[in-house]
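First comes the structure, then the notes that go with it.
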Protein chains: 2
Amino acid sequence: MKVTITDIAAAAGVAKSTVSKVLNDSPKISQETKLRVREIMKRMNYTPSSIATGLARQSSSNIGLLIDMSKSSEFLNQFFYSIIGGIESIIGSLKYELTIANVQHNYPEGHFLHRLVMSKRVDGLIANTSVLTEELCMELNRLQFPYISLGEVAAAGCWVDFDNEAGGRMLTRHLLEEGYSAVAFIGGQEGDPLFIRRLNGCRQVLQQAGLPLLKERIIHGEAEEAEGCRAAKELLLGEAPPDSMICMSNFTAFGVLQAAKELGVQVPAELGIATFDEYPLSRYTTPPLTSLNLDTFHLGVSAGQLLMERIIDRNERGQGLLLEPELIPRESTFRTKKL
Amino acid sequence: MKVTITDIAAAAGVAKSTVSKVLNDSPKISQETKLRVREIMKRMNYTPSSIATGLARQSSSNIGLLIDMSKSSEFLNQFFYSIIGGIESIIGSLKYELTIANVQHNYPEGHFLHRLVMSKRVDGLIANTSVLTEELCMELNRLQFPYISLGEVAAAGCWVDFDNEAGGRMLTRHLLEEGYSAVAFIGGQEGDPLFIRRLNGCRQVLQQAGLPLLKERIIHGEAEEAEGCRAAKELLLGEAPPDSMICMSNFTAFGVLQAAKELGVQVPAELGIATFDEYPLSRYTTPPLTSLNLDTFHLGVSAGQLLMERIIDRNERGQGLLLEPELIPRESTFRTKKL
DNA sequence: TTGTAAGCGTTATCAC
DNA sequence: GTGATAACGCTTACAA
């Protein structure tokens, strides 16, 4: 039924080792032998067993992508497809496959460290920061196991991330250029590094322009609709109402739009709204939202490249990579009426 | 450095086979031996090599999910994450891992049939209909290779899909209940089975109610914004303007909403709008859209279950499985003012 | 209950 | 150039 290297060797009247060399296009095999053996392989419809090859070569030709489905990471959830596409485009061309593993932090039997790493199911790992605890990084480092973090993390030897600080700067600069000056920042969890970086970018530009970023204008909360709405109302009805808001997510921004509508505040004339992320709503709101687009396919590509470098070159030097976001101006901040 | 079954055997003073039996919790090993060996495995930090196990057992404990990133399948693109979650939840508990493979139809070197199936990298396959050509199905059938199609396909032995006809019926019935009667259907590619099934469901309910589904009210086109807008205008300005529209996607529906706004047509009073899919816009439009929710996590679960049955029980009988959609009524069709 | 030995399908190291 | 032969790390009869 199934044909192995032994069958081919027999049919071709050569040794298994010769067939193996043909398989790997060894230079020490004569052209005619190669042709003859290949011919036979084709005729007998032979494909080498990846498992056997893996055993002999001590490698799985698999890389793993870890996710934690129990935590609803908006980010992964939305951009999963394109990140995977990016990773695939790199590793696929190097004949690696992508294994997706769901990491429940309190997994009943067997941590992924055993399931994937120690059991050698994968030769390398890409993981989101929500999975990579500092403890885990240390362990992977100790094992000298190649991995890349999706998101900047100090403990990770190697990571790729978007330049969130630059993103904060870009949105803020844009608001100032449009004539806004009282900027508020909405929607991040207190202490969340993502929030902190973005806010820092915002603060830098304001300071540079000699403008204050009032504490009262920094509102923490879930990055979703209801919170955005609540926060916006609080701000607009407060002591020092801002003339513009930067939102951590499309959903936050949507909530802000709702609040403005309910309070009869004109967007963009009386209130400018800008948001991180281009997906999924920014194009479809009224008015459409000025947003910061993150090229997630590229993120996947970069992660894949870095990882493959580590695996193939056994490249040990740790490094971080920041990708530039892209500003997409839309009506929600067109105070200067460029329409 | 790396510890194998031989090391454990030596350390425990038993044979490799004994260790192997302990590993698989064979009943023919004494409790004390098991305890002792396990103790040693733990102490030496041993994890069996999945590749070696795979070779010996002749199975990869991997299942593959095929996608074609070159075709921008809105469906997969949006629901990828939850479908994967569903599949994972089933196969993960059976100690299988998920391999994602990007299938370029004109792949330079090596069809996925070789890359994954013949090389035994995966024990089973799940694939979207856009990948599974009839030819491919025949080939997989011939190889007796276990696979499940995501989407109803005649040639596939086994598939799971949403009951799109029922979906068409549900949306149409809802419109009639709300007092609409002149229903239009917008947004599918001519000949697309998905479109045909949904339209059929719609037609059934209308016929049952003694209402016609006019040809002029069936508009083909890309399932996106611009087309939806164009189609809606065409209909509303035409000879027999409908009082309600069923859209193939959220984006189509968004376009319809725009058209209504531009033409000053009141939604839902003068025009009811209902759409397939609950994601990503239906909750966020003005007014929010009545939609048909498809439980994609469940789709993944079902696909996973069917596949594992096939693999484990060598279950040969082909079967299809239809999942029921869920109607989510919202303002866009609340003509009877239930608000 | 445990041990022996023969696979599983490749690759890799030598001889020839 | 080609061919034996020993890994690779585990499972599985069959013996003991």
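Labels for the structure tokens follow display order: chains A, B, ..., residues from 1 in each chain, ligands from 1.
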*May I have the residues of chain A within 12 Å of chain D, counting only C-alpha atoms (C1' of nucleotides), written as a PyMOL selection string?*
chain A and resi 9+13-22+26-34+51-59+119-120
Convert the current residue selection to file output with C-alpha atoms, as a JSON list (two decimals), in the first residue's frame.
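Saved file again27.json follows:
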```json
[["chain", "number", "residue", "atom", "x", "y", "z"],
["A", 9, "ALA", "CA", 15.62, 1.50, -3.49],
["A", 13, "GLY", "CA", 18.24, -1.47, -7.72],
["A", 14, "VAL", "CA", 20.17, 0.90, -5.50],
["A", 15, "ALA", "CA", 20.75, 1.32, -1.76],
["A", 16, "LYS", "CA", 18.40, 3.24, 0.51],
["A", 17, "SER", "CA", 21.18, 5.65, 1.22],
["A", 18, "THR", "CA", 21.42, 6.43, -2.46],
["A", 19, "VAL", "CA", 17.73, 7.16, -2.66],
["A", 20, "SER", "CA", 18.06, 9.38, 0.37],
["A", 21, "LYS", "CA", 20.82, 11.29, -1.33],
["A", 22, "VAL", "CA", 18.72, 11.70, -4.43],
["A", 26, "SER", "CA", 23.27, 15.45, -2.99],
["A", 27, "PRO", "CA", 26.05, 16.52, -5.37],
["A", 28, "LYS", "CA", 27.77, 13.17, -5.02],
["A", 29, "ILE", "CA", 25.14, 11.32, -7.01],
["A", 30, "SER", "CA", 25.43, 11.00, -10.77],
["A", 31, "GLN", "CA", 22.94, 12.81, -12.87],
["A", 32, "GLU", "CA", 21.66, 9.67, -14.50],
["A", 33, "THR", "CA", 21.07, 7.91, -11.21],
["A", 34, "LYS", "CA", 19.16, 10.92, -9.98],
["A", 51, "ILE", "CA", 7.96, 12.06, 10.61],
["A", 52, "ALA", "CA", 10.78, 9.72, 9.75],
["A", 53, "THR", "CA", 12.76, 12.58, 8.30],
["A", 54, "GLY", "CA", 12.07, 14.54, 11.42],
["A", 55, "LEU", "CA", 13.33, 11.75, 13.64],
["A", 56, "ALA", "CA", 16.50, 11.34, 11.66],
["A", 57, "ARG", "CA", 17.13, 15.06, 11.39],
["A", 58, "GLN", "CA", 16.00, 15.83, 14.89],
["A", 59, "SER", "CA", 13.70, 18.58, 13.83],
["A", 119, "SER", "CA", 8.36, 16.94, 23.11],
["A", 120, "LYS", "CA", 9.91, 18.68, 20.12]]
```
*Would you mind writing down, as a PyMOL selection string, each residue of range 19-249 of chain A that DSSP on the backbone assigns to helix (DSSP H, G or I)?*
chain A and resi 19-23+31-43+50-57+74-94+112-118+134-143+164-177+193-208+215-217+225-236
*Of the residues B:Gly157, B:Gly92, B:Gly187, B:Gly238, which is the one nearest to Leu321 in chain B, using only C-alpha atoms?*
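Ranking B:Gly157, B:Gly92, B:Gly187, B:Gly238 by distance to Leu321 in chain B, first place goes to B:Gly157.
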*Please indicate the distance in Å from CA of Ile196 in chain A to CA of Glu152 in chain A, rounded to one decimal place.*
12.4 Å
How close does each residue of chain A get to chain B, giving the shortest atom pair and distance in Å to one decimal for every residue with an atom at most 7 Å away, counting only C-alpha atoms, sorted by chain and residue number, as a tab-separated table?
```
residue	atom	partner	partner_atom	distance
A:Thr47	CA	B:Ser119	CA	5.6
A:Pro48	CA	B:Ser119	CA	5.7
A:Ser49	CA	B:Ser119	CA	4.6
A:Ser50	CA	B:Ser119	CA	5.3
A:Ile51	CA	B:Leu55	CA	5.9
A:Ala52	CA	B:Leu55	CA	6.1
A:Gly54	CA	B:Ile51	CA	6.7
A:Leu55	CA	B:Ile51	CA	5.9
A:Met69	CA	B:Gly85	CA	6.8
A:Asn77	CA	B:Tyr81	CA	5.8
A:Phe80	CA	B:Tyr81	CA	6.3
A:Tyr81	CA	B:Asn77	CA	5.8
A:Gly85	CA	B:Met69	CA	6.8
A:Glu88	CA	B:Asn102	CA	6.9
A:Glu97	CA	B:Ala101	CA	6.7
A:Leu98	CA	B:Ile100	CA	5.5
A:Thr99	CA	B:Thr99	CA	4.3
A:Ile100	CA	B:Leu98	CA	5.5
A:Ala101	CA	B:Glu97	CA	6.7
A:Asn102	CA	B:Glu88	CA	6.9
A:His114	CA	B:Thr47	CA	6.5
A:Met118	CA	B:Thr47	CA	5.9
A:Ser119	CA	B:Ser49	CA	4.5
A:Lys120	CA	B:Ser49	CA	6.1
A:Arg121	CA	B:Ser50	CA	6.1
A:Pro280	CA	B:Pro280	CA	6.5
A:Leu281	CA	B:Leu281	CA	7.0
```
Output C-alpha atoms for every residue in that selection, as a compact mmCIF listing (two decimals), in the first residue's frame.
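Saved result, result00.txt, follows:
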```txt
# COMPACT_ATOMS: atom_id res chain seq x y z
CA THR A 47 6.49 10.96 -0.83
CA PRO A 48 8.99 10.75 2.02
CA SER A 49 7.56 10.52 5.50
CA SER A 50 8.02 13.81 7.27
CA ILE A 51 7.96 12.06 10.61
CA ALA A 52 10.78 9.72 9.75
CA GLY A 54 12.07 14.54 11.42
CA LEU A 55 13.33 11.75 13.64
CA MET A 69 -8.39 31.79 23.77
CA ASN A 77 -9.08 38.11 17.74
CA PHE A 80 -5.39 36.75 13.75
CA TYR A 81 -5.97 35.94 10.12
CA GLY A 85 -0.85 34.96 6.85
CA GLU A 88 2.95 31.59 6.93
CA GLU A 97 4.43 24.46 8.87
CA LEU A 98 2.51 26.47 11.42
CA THR A 99 1.01 24.85 14.48
CA ILE A 100 -1.56 26.79 16.45
CA ALA A 101 -1.78 25.86 20.08
CA ASN A 102 -4.29 27.10 22.56
CA HIS A 114 5.96 19.91 27.50
CA MET A 118 10.11 19.52 25.25
CA SER A 119 8.36 16.94 23.11
CA LYS A 120 9.91 18.68 20.12
CA ARG A 121 6.68 19.12 18.26
CA PRO A 280 -13.30 46.93 12.22
CA LEU A 281 -15.35 50.09 12.52
```
*asked:* Please find the residues of chain C near chain A - the criterion being any atom within 10 Å, counting only C-alpha atoms (C1' of nucleotides) - and write them as a VMD selection string.
replied: chain C and resid 8 to 12
I need the residues from that last selection saved to file as a PDB file, in the first residue's frame (with C-alpha atoms (C1' of nucleotides)), if you can.
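As written to disk, selection_25.pdb reads:
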```pdb
ATOM      1  C1'  DC C   8       8.741   2.587  12.137  1.00  0.00           C
ATOM      2  C1'  DG C   9      11.202   5.454   7.576  1.00  0.00           C
ATOM      3  C1'  DT C  10      14.540   8.458   7.279  1.00  0.00           C
ATOM      4  C1'  DT C  11      19.595  10.446   7.516  1.00  0.00           C
ATOM      5  C1'  DA C  12      24.558  10.207   8.199  1.00  0.00           C
TER       6       DA C  12
END
```
If we count only C-alpha atoms (C1' of nucleotides) and set the cut-off at 10 Å, which residues sit around Ile218 in chain B, ignoring sequence neighbours fewer than 4 positions away in its own chain? Please answer as a CSV table (one decimal) with C-alpha atoms, in the first residue's frame.
```csv
chain,number,residue,atom,x,y,z
B,183,VAL,CA,-38.8,41.9,-0.3
B,184,ALA,CA,-35.6,42.3,-2.2
B,185,PHE,CA,-32.4,40.2,-2.0
B,186,ILE,CA,-29.0,41.7,-2.5
B,187,GLY,CA,-25.4,41.0,-2.7
B,188,GLY,CA,-24.4,37.5,-3.9
B,199,LEU,CA,-32.4,33.0,-1.8
B,213,LEU,CA,-40.2,37.4,-5.3
B,214,LEU,CA,-39.7,39.6,-8.4
B,231,ALA,CA,-28.1,48.1,-5.7
B,235,LEU,CA,-34.1,49.3,-6.4
B,245,MET,CA,-34.0,44.2,1.7
B,246,ILE,CA,-32.1,41.1,2.8
```
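The residue that comes closest to Leu292 in chain A, out of A:Gly179, A:Gly167, A:Gly221, A:Gly228 and on the basis of only C-alpha atoms, is A:Gly167.
Residues of range 24-162 of chain A assigned to strand (DSSP E or B) by DSSP on this structure's backbone: Asn62, Ile63, Gly64, Leu65, Leu66, Ile67, Glu97, Leu98, Thr99, Ile100, Ala101, Asn102, Gly124, Leu125, Ile126, Ala127, Asn128, Tyr147, Ile148, Ser149, Leu150, Cys158, Trp159, Val160, Asp161 and Phe162 of chain A.
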Give me a file of those residues, with N, CA and C atoms, as a PDB file, in the first residue's frame.
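The resulting file, selection16.pdb, is reproduced below:
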```pdb
ATOM      1  N   ASN A  62       8.339  22.497  12.171  1.00  0.00           N
ATOM      2  CA  ASN A  62       7.068  23.077  12.599  1.00  0.00           C
ATOM      3  C   ASN A  62       7.378  24.265  13.486  1.00  0.00           C
ATOM      4  N   ILE A  63       6.634  25.330  13.311  1.00  0.00           N
ATOM      5  CA  ILE A  63       6.773  26.357  14.317  1.00  0.00           C
ATOM      6  C   ILE A  63       5.406  26.574  14.948  1.00  0.00           C
ATOM      7  N   GLY A  64       5.411  26.919  16.210  1.00  0.00           N
ATOM      8  CA  GLY A  64       4.160  27.017  16.956  1.00  0.00           C
ATOM      9  C   GLY A  64       3.753  28.457  17.194  1.00  0.00           C
ATOM     10  N   LEU A  65       2.465  28.709  17.108  1.00  0.00           N
ATOM     11  CA  LEU A  65       1.931  30.015  17.487  1.00  0.00           C
ATOM     12  C   LEU A  65       1.029  29.798  18.695  1.00  0.00           C
ATOM     13  N   LEU A  66       1.381  30.416  19.804  1.00  0.00           N
ATOM     14  CA  LEU A  66       0.620  30.217  21.039  1.00  0.00           C
ATOM     15  C   LEU A  66      -0.435  31.287  21.200  1.00  0.00           C
ATOM     16  N   ILE A  67      -1.625  30.870  21.517  1.00  0.00           N
ATOM     17  CA  ILE A  67      -2.647  31.849  21.843  1.00  0.00           C
ATOM     18  C   ILE A  67      -3.405  31.387  23.077  1.00  0.00           C
ATOM     19  N   GLU A  97       5.870  24.317   8.720  1.00  0.00           N
ATOM     20  CA  GLU A  97       4.427  24.459   8.868  1.00  0.00           C
ATOM     21  C   GLU A  97       4.128  25.189  10.166  1.00  0.00           C
ATOM     22  N   LEU A  98       2.916  25.685  10.261  1.00  0.00           N
ATOM     23  CA  LEU A  98       2.510  26.471  11.418  1.00  0.00           C
ATOM     24  C   LEU A  98       1.549  25.679  12.300  1.00  0.00           C
ATOM     25  N   THR A  99       1.904  25.524  13.542  1.00  0.00           N
ATOM     26  CA  THR A  99       1.012  24.846  14.484  1.00  0.00           C
ATOM     27  C   THR A  99       0.422  25.866  15.453  1.00  0.00           C
ATOM     28  N   ILE A 100      -0.893  25.879  15.532  1.00  0.00           N
ATOM     29  CA  ILE A 100      -1.562  26.789  16.453  1.00  0.00           C
ATOM     30  C   ILE A 100      -1.891  26.039  17.724  1.00  0.00           C
ATOM     31  N   ALA A 101      -1.454  26.543  18.838  1.00  0.00           N
ATOM     32  CA  ALA A 101      -1.783  25.855  20.082  1.00  0.00           C
ATOM     33  C   ALA A 101      -2.479  26.798  21.039  1.00  0.00           C
ATOM     34  N   ASN A 102      -3.539  26.318  21.588  1.00  0.00           N
ATOM     35  CA  ASN A 102      -4.287  27.097  22.561  1.00  0.00           C
ATOM     36  C   ASN A 102      -3.705  26.824  23.944  1.00  0.00           C
ATOM     37  N   GLY A 124      10.319  26.130  17.074  1.00  0.00           N
ATOM     38  CA  GLY A 124      10.356  27.513  17.507  1.00  0.00           C
ATOM     39  C   GLY A 124       8.962  27.974  17.852  1.00  0.00           C
ATOM     40  N   LEU A 125       8.876  29.111  18.510  1.00  0.00           N
ATOM     41  CA  LEU A 125       7.600  29.561  19.042  1.00  0.00           C
ATOM     42  C   LEU A 125       7.389  31.042  18.764  1.00  0.00           C
ATOM     43  N   ILE A 126       6.153  31.393  18.451  1.00  0.00           N
ATOM     44  CA  ILE A 126       5.761  32.797  18.419  1.00  0.00           C
ATOM     45  C   ILE A 126       4.597  32.923  19.379  1.00  0.00           C
ATOM     46  N   ALA A 127       4.634  33.917  20.228  1.00  0.00           N
ATOM     47  CA  ALA A 127       3.555  34.018  21.195  1.00  0.00           C
ATOM     48  C   ALA A 127       3.235  35.456  21.529  1.00  0.00           C
ATOM     49  N   ASN A 128       1.990  35.674  21.785  1.00  0.00           N
ATOM     50  CA  ASN A 128       1.480  36.968  22.195  1.00  0.00           C
ATOM     51  C   ASN A 128       1.914  37.258  23.643  1.00  0.00           C
ATOM     52  N   TYR A 147      12.315  31.673  20.267  1.00  0.00           N
ATOM     53  CA  TYR A 147      10.937  32.176  20.290  1.00  0.00           C
ATOM     54  C   TYR A 147      10.918  33.676  20.063  1.00  0.00           C
ATOM     55  N   ILE A 148       9.781  34.152  19.605  1.00  0.00           N
ATOM     56  CA  ILE A 148       9.592  35.577  19.369  1.00  0.00           C
ATOM     57  C   ILE A 148       8.321  36.020  20.070  1.00  0.00           C
ATOM     58  N   SER A 149       8.387  37.131  20.729  1.00  0.00           N
ATOM     59  CA  SER A 149       7.196  37.663  21.371  1.00  0.00           C
ATOM     60  C   SER A 149       6.480  38.648  20.450  1.00  0.00           C
ATOM     61  N   LEU A 150       5.197  38.491  20.311  1.00  0.00           N
ATOM     62  CA  LEU A 150       4.386  39.476  19.596  1.00  0.00           C
ATOM     63  C   LEU A 150       4.013  40.548  20.602  1.00  0.00           C
ATOM     64  N   CYS A 158      13.694  38.412  22.226  1.00  0.00           N
ATOM     65  CA  CYS A 158      13.419  38.866  20.879  1.00  0.00           C
ATOM     66  C   CYS A 158      11.928  39.154  20.721  1.00  0.00           C
ATOM     67  N   TRP A 159      11.601  40.296  20.208  1.00  0.00           N
ATOM     68  CA  TRP A 159      10.181  40.620  20.047  1.00  0.00           C
ATOM     69  C   TRP A 159       9.952  41.532  18.850  1.00  0.00           C
ATOM     70  N   VAL A 160       8.736  41.566  18.374  1.00  0.00           N
ATOM     71  CA  VAL A 160       8.309  42.556  17.394  1.00  0.00           C
ATOM     72  C   VAL A 160       7.058  43.227  17.928  1.00  0.00           C
ATOM     73  N   ASP A 161       6.923  44.473  17.640  1.00  0.00           N
ATOM     74  CA  ASP A 161       5.761  45.206  18.117  1.00  0.00           C
ATOM     75  C   ASP A 161       5.551  46.425  17.222  1.00  0.00           C
ATOM     76  N   PHE A 162       4.390  47.024  17.344  1.00  0.00           N
ATOM     77  CA  PHE A 162       4.190  48.287  16.672  1.00  0.00           C
ATOM     78  C   PHE A 162       4.767  49.377  17.555  1.00  0.00           C
TER      79      PHE A 162
END
```
_Non-local contacts of Val265 in chain A (9 Å; only C-alpha atoms (C1' of nucleotides); under 6 positions in same chain excluded) as a PyMOL selection string_ = chain A and resi 236+259+271
*What separation in Å, quoted to one decimal, exists between CA of Lys42 in chain B and CA of Leu23 in chain B?*
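Going from CA of Lys42 in chain B over to CA of Leu23 in chain B, I get 11.9 Å.
Distance-wise, CA of Ala240 in chain A and CA of Arg335 in chain A end up 20.0 Å apart.
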